[in-house]
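See below for start-v3.cif, which holds mmCIF, N, CA and C atoms and all ligand atoms.
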data_start
loop_
_atom_site.label_atom_id
_atom_site.label_comp_id
_atom_site.auth_asym_id
_atom_site.auth_seq_id
_atom_site.Cartn_x
_atom_site.Cartn_y
_atom_site.Cartn_z
N MET A 19 104.40 84.77 102.45
CA MET A 19 104.34 86.00 101.63
C MET A 19 104.59 87.20 102.53
N LYS A 20 105.64 87.98 102.19
CA LYS A 20 105.97 89.15 102.99
C LYS A 20 105.63 90.41 102.19
N ILE A 21 104.94 91.35 102.83
CA ILE A 21 104.50 92.59 102.17
C ILE A 21 105.25 93.78 102.75
N ALA A 22 105.78 94.64 101.87
CA ALA A 22 106.43 95.88 102.30
C ALA A 22 105.42 97.02 102.25
N LEU A 23 105.38 97.80 103.31
CA LEU A 23 104.44 98.93 103.34
C LEU A 23 105.17 100.21 103.71
N GLY A 24 104.70 101.30 103.11
CA GLY A 24 105.27 102.60 103.42
C GLY A 24 104.23 103.68 103.17
N CYS A 25 104.45 104.84 103.78
CA CYS A 25 103.50 105.94 103.62
C CYS A 25 104.16 107.27 103.97
N ASP A 26 103.48 108.34 103.62
CA ASP A 26 103.81 109.64 104.19
C ASP A 26 102.70 110.00 105.16
N HIS A 27 102.70 111.23 105.62
CA HIS A 27 101.70 111.66 106.61
C HIS A 27 100.27 111.55 106.06
N GLY A 28 100.10 111.74 104.75
CA GLY A 28 98.77 111.69 104.14
C GLY A 28 98.22 110.28 104.03
N GLY A 29 99.10 109.29 104.15
CA GLY A 29 98.66 107.90 103.98
C GLY A 29 98.79 107.07 105.24
N LEU A 30 99.19 107.73 106.33
CA LEU A 30 99.46 106.98 107.57
C LEU A 30 98.26 106.17 108.06
N GLU A 31 97.11 106.81 108.09
CA GLU A 31 95.93 106.15 108.65
C GLU A 31 95.56 104.88 107.86
N ILE A 32 95.54 104.99 106.55
CA ILE A 32 95.14 103.79 105.78
C ILE A 32 96.24 102.74 105.81
N LYS A 33 97.50 103.17 105.85
CA LYS A 33 98.57 102.16 105.95
C LYS A 33 98.44 101.39 107.25
N ASN A 34 98.20 102.08 108.35
CA ASN A 34 98.07 101.39 109.64
C ASN A 34 96.88 100.43 109.63
N ALA A 35 95.80 100.84 108.98
CA ALA A 35 94.62 99.96 108.91
C ALA A 35 94.94 98.69 108.11
N ILE A 36 95.68 98.87 107.02
CA ILE A 36 96.06 97.70 106.19
C ILE A 36 96.97 96.76 106.98
N ILE A 37 97.95 97.33 107.66
CA ILE A 37 98.88 96.49 108.43
C ILE A 37 98.14 95.71 109.52
N GLU A 38 97.25 96.37 110.21
CA GLU A 38 96.51 95.70 111.27
C GLU A 38 95.70 94.53 110.70
N ASP A 39 95.04 94.78 109.58
CA ASP A 39 94.23 93.73 108.95
C ASP A 39 95.09 92.56 108.48
N LEU A 40 96.19 92.88 107.80
CA LEU A 40 97.03 91.80 107.26
C LEU A 40 97.66 90.99 108.39
N LYS A 41 98.11 91.67 109.43
CA LYS A 41 98.72 90.95 110.56
C LYS A 41 97.70 90.03 111.22
N ASN A 42 96.46 90.51 111.33
CA ASN A 42 95.40 89.67 111.90
C ASN A 42 95.16 88.42 111.06
N LYS A 43 95.47 88.51 109.77
CA LYS A 43 95.28 87.37 108.87
C LYS A 43 96.55 86.54 108.75
N GLY A 44 97.57 86.90 109.52
CA GLY A 44 98.81 86.12 109.51
C GLY A 44 99.74 86.45 108.37
N VAL A 45 99.50 87.58 107.70
CA VAL A 45 100.39 87.99 106.60
C VAL A 45 101.53 88.81 107.20
N GLU A 46 102.75 88.42 106.87
CA GLU A 46 103.92 89.12 107.41
C GLU A 46 104.09 90.47 106.72
N CYS A 47 104.23 91.53 107.51
CA CYS A 47 104.36 92.89 106.98
C CYS A 47 105.66 93.51 107.46
N ILE A 48 106.31 94.26 106.59
CA ILE A 48 107.44 95.09 107.02
C ILE A 48 107.02 96.54 106.80
N ASP A 49 107.02 97.30 107.88
CA ASP A 49 106.60 98.70 107.83
C ASP A 49 107.83 99.58 107.70
N PHE A 50 107.98 100.23 106.55
CA PHE A 50 109.13 101.08 106.29
C PHE A 50 108.85 102.55 106.67
N GLY A 51 107.77 102.79 107.43
CA GLY A 51 107.47 104.15 107.85
C GLY A 51 106.72 104.93 106.78
N THR A 52 106.40 106.15 107.08
CA THR A 52 106.60 106.89 108.31
C THR A 52 105.63 106.40 109.38
N THR A 53 105.88 106.81 110.62
CA THR A 53 105.06 106.29 111.71
C THR A 53 104.36 107.40 112.48
N THR A 54 104.48 108.64 112.03
CA THR A 54 103.79 109.75 112.70
C THR A 54 103.10 110.62 111.64
N THR A 55 102.34 111.59 112.10
CA THR A 55 101.66 112.49 111.16
C THR A 55 102.50 113.72 110.82
N ASP A 56 103.74 113.75 111.28
CA ASP A 56 104.64 114.84 110.90
C ASP A 56 104.85 114.81 109.38
N SER A 57 104.91 115.99 108.79
CA SER A 57 105.07 116.06 107.34
C SER A 57 106.42 115.49 106.89
N VAL A 58 106.37 114.58 105.92
CA VAL A 58 107.59 113.95 105.40
C VAL A 58 107.51 113.91 103.87
N ASP A 59 108.60 113.50 103.25
CA ASP A 59 108.70 113.46 101.79
C ASP A 59 108.43 112.04 101.28
N TYR A 60 107.34 111.88 100.53
CA TYR A 60 106.93 110.53 100.12
C TYR A 60 107.97 109.75 99.30
N PRO A 61 108.86 110.41 98.50
CA PRO A 61 109.81 109.59 97.73
C PRO A 61 110.74 108.75 98.61
N VAL A 62 111.03 109.24 99.81
CA VAL A 62 111.90 108.49 100.72
C VAL A 62 111.30 107.12 101.01
N TYR A 63 110.01 107.09 101.27
CA TYR A 63 109.33 105.85 101.66
C TYR A 63 109.02 104.99 100.44
N ALA A 64 108.72 105.64 99.34
CA ALA A 64 108.50 104.88 98.10
C ALA A 64 109.75 104.09 97.74
N LYS A 65 110.91 104.75 97.85
CA LYS A 65 112.16 104.07 97.46
C LYS A 65 112.50 102.92 98.41
N LYS A 66 112.20 103.09 99.68
CA LYS A 66 112.48 102.00 100.64
C LYS A 66 111.63 100.77 100.32
N VAL A 67 110.37 100.98 100.07
CA VAL A 67 109.46 99.86 99.77
C VAL A 67 109.86 99.20 98.44
N CYS A 68 110.16 100.02 97.45
CA CYS A 68 110.56 99.46 96.14
C CYS A 68 111.85 98.66 96.26
N ALA A 69 112.78 99.13 97.08
CA ALA A 69 114.04 98.39 97.26
C ALA A 69 113.77 97.02 97.87
N ALA A 70 112.82 96.94 98.77
CA ALA A 70 112.48 95.64 99.39
C ALA A 70 111.86 94.69 98.37
N VAL A 71 111.11 95.24 97.43
CA VAL A 71 110.52 94.41 96.37
C VAL A 71 111.60 94.03 95.35
N GLN A 72 112.43 94.98 94.99
CA GLN A 72 113.50 94.70 94.02
C GLN A 72 114.45 93.61 94.52
N SER A 73 114.75 93.63 95.80
CA SER A 73 115.72 92.66 96.36
C SER A 73 115.09 91.29 96.57
N GLY A 74 113.76 91.23 96.54
CA GLY A 74 113.08 89.96 96.79
C GLY A 74 112.77 89.75 98.26
N GLU A 75 113.18 90.70 99.10
CA GLU A 75 112.85 90.59 100.54
C GLU A 75 111.33 90.52 100.72
N CYS A 76 110.62 91.29 99.92
CA CYS A 76 109.15 91.27 99.96
C CYS A 76 108.62 90.98 98.56
N VAL A 77 107.52 90.27 98.51
CA VAL A 77 106.96 89.86 97.21
C VAL A 77 106.17 91.00 96.57
N LEU A 78 105.52 91.81 97.41
CA LEU A 78 104.72 92.94 96.93
C LEU A 78 104.89 94.12 97.88
N GLY A 79 104.59 95.32 97.36
CA GLY A 79 104.65 96.51 98.19
C GLY A 79 103.34 97.28 98.16
N ILE A 80 103.09 98.02 99.22
CA ILE A 80 101.92 98.91 99.27
C ILE A 80 102.38 100.27 99.78
N LEU A 81 102.05 101.31 99.01
CA LEU A 81 102.47 102.67 99.34
C LEU A 81 101.24 103.56 99.46
N CYS A 82 101.22 104.36 100.50
CA CYS A 82 100.06 105.23 100.75
C CYS A 82 100.53 106.67 100.96
N CYS A 83 99.94 107.59 100.21
CA CYS A 83 100.16 109.01 100.47
C CYS A 83 98.80 109.69 100.38
N GLY A 84 98.76 110.99 100.17
CA GLY A 84 97.47 111.68 100.14
C GLY A 84 96.60 111.20 98.99
N THR A 85 97.20 111.13 97.81
CA THR A 85 96.46 110.70 96.63
C THR A 85 96.91 109.34 96.09
N GLY A 86 98.08 108.91 96.48
CA GLY A 86 98.72 107.74 95.89
C GLY A 86 99.53 108.09 94.66
N ILE A 87 99.37 109.30 94.17
CA ILE A 87 99.99 109.67 92.89
C ILE A 87 101.50 109.88 93.01
N GLY A 88 101.91 110.64 94.00
CA GLY A 88 103.35 110.87 94.17
C GLY A 88 104.10 109.58 94.42
N MET A 89 103.48 108.71 95.22
CA MET A 89 104.10 107.40 95.48
C MET A 89 104.22 106.61 94.18
N SER A 90 103.18 106.63 93.37
CA SER A 90 103.22 105.83 92.13
C SER A 90 104.22 106.40 91.14
N MET A 91 104.30 107.72 91.07
CA MET A 91 105.28 108.33 90.15
C MET A 91 106.70 107.93 90.55
N THR A 92 106.97 107.99 91.84
CA THR A 92 108.31 107.62 92.32
C THR A 92 108.56 106.14 92.09
N ALA A 93 107.61 105.32 92.47
CA ALA A 93 107.80 103.87 92.36
C ALA A 93 108.03 103.44 90.92
N ASN A 94 107.32 104.05 89.99
CA ASN A 94 107.46 103.64 88.60
C ASN A 94 108.78 104.07 87.95
N LYS A 95 109.56 104.88 88.66
CA LYS A 95 110.91 105.22 88.16
C LYS A 95 111.96 104.24 88.67
N GLN A 96 111.56 103.31 89.54
CA GLN A 96 112.50 102.32 90.08
C GLN A 96 112.49 101.09 89.17
N GLN A 97 113.67 100.60 88.85
CA GLN A 97 113.83 99.47 87.94
C GLN A 97 113.02 98.25 88.40
N GLY A 98 112.24 97.71 87.50
CA GLY A 98 111.52 96.47 87.80
C GLY A 98 110.25 96.66 88.60
N ILE A 99 109.94 97.89 88.92
CA ILE A 99 108.72 98.15 89.69
C ILE A 99 107.58 98.52 88.74
N ARG A 100 106.46 97.88 88.96
CA ARG A 100 105.23 98.21 88.24
C ARG A 100 104.19 98.60 89.29
N ALA A 101 104.02 99.91 89.43
CA ALA A 101 103.15 100.42 90.48
C ALA A 101 101.83 100.90 89.89
N ALA A 102 100.74 100.61 90.58
CA ALA A 102 99.41 101.01 90.13
C ALA A 102 98.73 101.83 91.21
N VAL A 103 98.32 103.05 90.83
CA VAL A 103 97.52 103.85 91.75
C VAL A 103 96.06 103.67 91.36
N LEU A 104 95.23 103.34 92.32
CA LEU A 104 93.83 103.03 92.01
C LEU A 104 92.97 103.21 93.26
N SER A 105 91.65 103.20 93.02
CA SER A 105 90.73 103.34 94.15
C SER A 105 89.48 102.47 94.00
N ASP A 106 89.54 101.48 93.10
CA ASP A 106 88.39 100.58 92.93
C ASP A 106 88.83 99.13 92.84
N ALA A 107 87.92 98.26 93.21
CA ALA A 107 88.22 96.83 93.33
C ALA A 107 88.56 96.19 91.98
N PHE A 108 87.86 96.59 90.93
CA PHE A 108 88.12 95.99 89.62
C PHE A 108 89.56 96.27 89.18
N SER A 109 90.00 97.51 89.36
CA SER A 109 91.37 97.85 88.96
C SER A 109 92.38 97.11 89.83
N ALA A 110 92.08 96.96 91.10
CA ALA A 110 93.01 96.24 92.00
C ALA A 110 93.20 94.81 91.53
N GLU A 111 92.13 94.19 91.09
CA GLU A 111 92.21 92.81 90.59
C GLU A 111 92.94 92.76 89.24
N MET A 112 92.54 93.64 88.34
CA MET A 112 93.07 93.56 86.98
C MET A 112 94.55 93.95 86.89
N THR A 113 94.99 94.84 87.77
CA THR A 113 96.39 95.23 87.69
C THR A 113 97.31 94.10 88.16
N ARG A 114 96.79 93.19 88.96
CA ARG A 114 97.55 91.98 89.28
C ARG A 114 97.42 91.00 88.12
N ARG A 115 96.22 90.74 87.67
CA ARG A 115 96.01 89.72 86.64
C ARG A 115 96.73 90.05 85.33
N HIS A 116 96.63 91.28 84.88
CA HIS A 116 97.13 91.64 83.55
C HIS A 116 98.46 92.40 83.56
N ASN A 117 98.67 93.27 84.54
CA ASN A 117 99.90 94.09 84.56
C ASN A 117 100.99 93.50 85.45
N ASN A 118 100.65 92.47 86.20
CA ASN A 118 101.59 91.92 87.19
C ASN A 118 102.18 93.04 88.05
N ALA A 119 101.32 93.97 88.44
CA ALA A 119 101.77 95.07 89.30
C ALA A 119 102.37 94.49 90.58
N ASN A 120 103.49 95.07 91.00
CA ASN A 120 104.10 94.59 92.25
C ASN A 120 104.07 95.63 93.37
N VAL A 121 103.54 96.80 93.06
CA VAL A 121 103.35 97.82 94.11
C VAL A 121 101.97 98.45 93.93
N LEU A 122 101.22 98.49 95.00
CA LEU A 122 99.90 99.12 95.03
C LEU A 122 100.03 100.49 95.70
N CYS A 123 99.49 101.52 95.05
CA CYS A 123 99.53 102.87 95.62
C CYS A 123 98.11 103.36 95.90
N LEU A 124 97.91 103.83 97.12
CA LEU A 124 96.58 104.26 97.56
C LEU A 124 96.64 105.65 98.16
N GLY A 125 95.51 106.35 98.09
CA GLY A 125 95.44 107.71 98.61
C GLY A 125 94.58 107.82 99.85
N GLY A 126 95.18 108.24 100.93
CA GLY A 126 94.46 108.39 102.19
C GLY A 126 93.47 109.54 102.20
N ARG A 127 93.60 110.43 101.20
CA ARG A 127 92.63 111.52 101.08
C ARG A 127 91.62 111.24 99.96
N VAL A 128 91.69 110.02 99.44
CA VAL A 128 90.79 109.61 98.35
C VAL A 128 89.84 108.51 98.83
N ILE A 129 90.38 107.56 99.57
CA ILE A 129 89.57 106.43 100.05
C ILE A 129 89.69 106.33 101.56
N ASP A 130 88.71 105.65 102.18
CA ASP A 130 88.77 105.47 103.63
C ASP A 130 89.49 104.15 103.96
N SER A 131 89.66 103.91 105.24
CA SER A 131 90.43 102.75 105.67
C SER A 131 89.79 101.43 105.25
N ALA A 132 88.46 101.36 105.31
CA ALA A 132 87.79 100.11 104.93
C ALA A 132 88.05 99.78 103.46
N LYS A 133 87.98 100.80 102.62
CA LYS A 133 88.25 100.58 101.18
C LYS A 133 89.72 100.22 100.96
N ALA A 134 90.60 100.87 101.69
CA ALA A 134 92.04 100.57 101.56
C ALA A 134 92.32 99.12 101.92
N VAL A 135 91.71 98.65 102.98
CA VAL A 135 91.89 97.25 103.40
C VAL A 135 91.34 96.31 102.34
N GLU A 136 90.17 96.63 101.80
CA GLU A 136 89.56 95.80 100.75
C GLU A 136 90.48 95.71 99.54
N LEU A 137 90.99 96.85 99.09
CA LEU A 137 91.83 96.87 97.89
C LEU A 137 93.16 96.15 98.13
N ALA A 138 93.72 96.32 99.32
CA ALA A 138 94.99 95.65 99.64
C ALA A 138 94.81 94.14 99.61
N ASN A 139 93.70 93.67 100.15
CA ASN A 139 93.45 92.22 100.16
C ASN A 139 93.26 91.66 98.75
N ILE A 140 92.53 92.39 97.93
CA ILE A 140 92.37 91.94 96.54
C ILE A 140 93.73 91.89 95.86
N PHE A 141 94.50 92.94 96.06
CA PHE A 141 95.82 93.05 95.40
C PHE A 141 96.73 91.87 95.78
N ILE A 142 96.82 91.58 97.05
CA ILE A 142 97.79 90.55 97.44
C ILE A 142 97.27 89.13 97.20
N ASN A 143 95.97 88.99 97.03
CA ASN A 143 95.42 87.64 96.84
C ASN A 143 95.10 87.29 95.38
N THR A 144 95.35 88.20 94.47
CA THR A 144 95.05 87.95 93.07
C THR A 144 96.34 87.57 92.33
N PRO A 145 96.33 86.46 91.61
CA PRO A 145 97.53 86.04 90.88
C PRO A 145 97.66 86.74 89.53
N TYR A 146 98.88 86.79 89.06
CA TYR A 146 99.16 87.24 87.69
C TYR A 146 98.79 86.12 86.73
N GLU A 147 98.16 86.46 85.61
CA GLU A 147 97.69 85.44 84.66
C GLU A 147 98.78 84.94 83.72
N GLY A 148 99.81 85.75 83.49
CA GLY A 148 100.86 85.33 82.57
C GLY A 148 100.36 85.27 81.13
N GLY A 149 100.87 84.29 80.35
CA GLY A 149 100.41 84.11 78.97
C GLY A 149 100.67 85.33 78.11
N ARG A 150 99.61 85.81 77.46
CA ARG A 150 99.76 86.90 76.50
C ARG A 150 100.25 88.20 77.16
N HIS A 151 100.13 88.28 78.48
CA HIS A 151 100.54 89.51 79.16
C HIS A 151 102.06 89.60 79.35
N ASP A 152 102.75 88.47 79.30
CA ASP A 152 104.22 88.47 79.49
C ASP A 152 104.90 89.40 78.50
N LYS A 153 104.51 89.27 77.23
CA LYS A 153 105.15 90.06 76.17
C LYS A 153 104.92 91.55 76.40
N ARG A 154 103.72 91.90 76.79
CA ARG A 154 103.38 93.32 76.98
C ARG A 154 104.16 93.91 78.15
N ILE A 155 104.29 93.11 79.18
CA ILE A 155 105.05 93.60 80.36
C ILE A 155 106.51 93.74 80.00
N ALA A 156 107.05 92.80 79.22
CA ALA A 156 108.44 92.91 78.78
C ALA A 156 108.65 94.18 77.97
N MET A 157 107.64 94.56 77.19
CA MET A 157 107.74 95.76 76.35
C MET A 157 107.80 97.05 77.18
N MET A 158 107.38 97.00 78.43
CA MET A 158 107.45 98.20 79.28
C MET A 158 108.87 98.58 79.58
N GLU A 159 109.75 97.57 79.69
CA GLU A 159 111.11 97.82 80.17
C GLU A 159 111.94 98.57 79.13
C1 LIG B 201 101.40 115.57 100.88
O1 LIG B 201 100.78 116.76 101.22
C2 LIG B 201 100.89 115.09 99.53
O2 LIG B 201 101.41 115.87 98.52
C3 LIG B 201 101.24 113.63 99.34
O3 LIG B 201 100.71 112.87 100.38
C4 LIG B 201 100.76 112.97 98.07
O4 LIG B 201 99.39 113.16 97.91
C5 LIG B 201 101.51 113.24 96.85
O5 LIG B 201 101.24 112.72 95.77
#
So, in terms of structure tokens, how does the structure I just supplied come out?
Amino acid sequence: MKIALGCDHGGLEIKNAIIEDLKNKGVECIDFGTTTTDSVDYPVYAKKVCAAVQSGECVLGILCCGTGIGMSMTANKQQGIRAAVLSDAFSAEMTRRHNNANVLCLGGRVIDSAKAVELANIFINTPYEGGRHDKRIAMME
């Protein structure tokens, strides 16, 4: 399972924490940047991560900015991307189970690194349930 990650300056710290944790667990990560705290434009990184998910290079994506909101707005305009911005464990689980979300958006000014790592792990380890949810997801397109 390969995970695509991206962030702007507001999400750098939590993205780095997630990457370190996932790599320690043997999960392959592709970091699409940014890699410094210099101010950058979050749509650039959102589109790179979404492209990796769209192409199948990565199975899931994780995007981090200040709130997660700008990343999620951008990601949800990309074809085939279902991005969820959230800050609690229940939502992280349910958006995989019911929405088959393929991109997780987190806010570095909303949650700390420990919470970001917790939510990322729930997101990547929770399966989509399928069944009655297939029709609803098809209706989104
Ligand atoms: C950058 O200051 C901030 O706007 C960005 O990280 C994000 O929160 C946007 O949604």
Notebook entry, point to check: Rounded to one decimal in Å, what is the spacing between atom N of A:Leu104 and atom N of A:Arg127?
Noted result: 11.5 Å
Next item on the list: Name the residues, by chain letter and number, that sit within 6 Å of ligand LIG 201 (chain B) using all atoms listed in the file, and give them as a ChimeraX atom specification.
Entry: /A:26-29,83-89
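Excluding stretch 52-54 of chain A and any residue on its chain fewer than 4 positions from it, the residues at most 7 Å away by only N, CA and C atoms are Leu23, Gly24, Cys25, Asp26, His27, Leu30 and Tyr63 of chain A.
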Item checked: Nearest candidate to A:Asn143 (options A:Asp130, A:Glu159, A:Asp49, A:Glu111; using only C-alpha atoms) ->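 Ranked by minimum distance to A:Asn143, first place goes to A:Glu111.
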Note to self: Could you pull out the alpha helix (DSSP H) residues of stretch 32-143 of chain A, going by DSSP on the backbone, and write them as a ChimeraX atom specification?
What the structure shows: /A:32-42,60-73,87-93,107-115,131-143
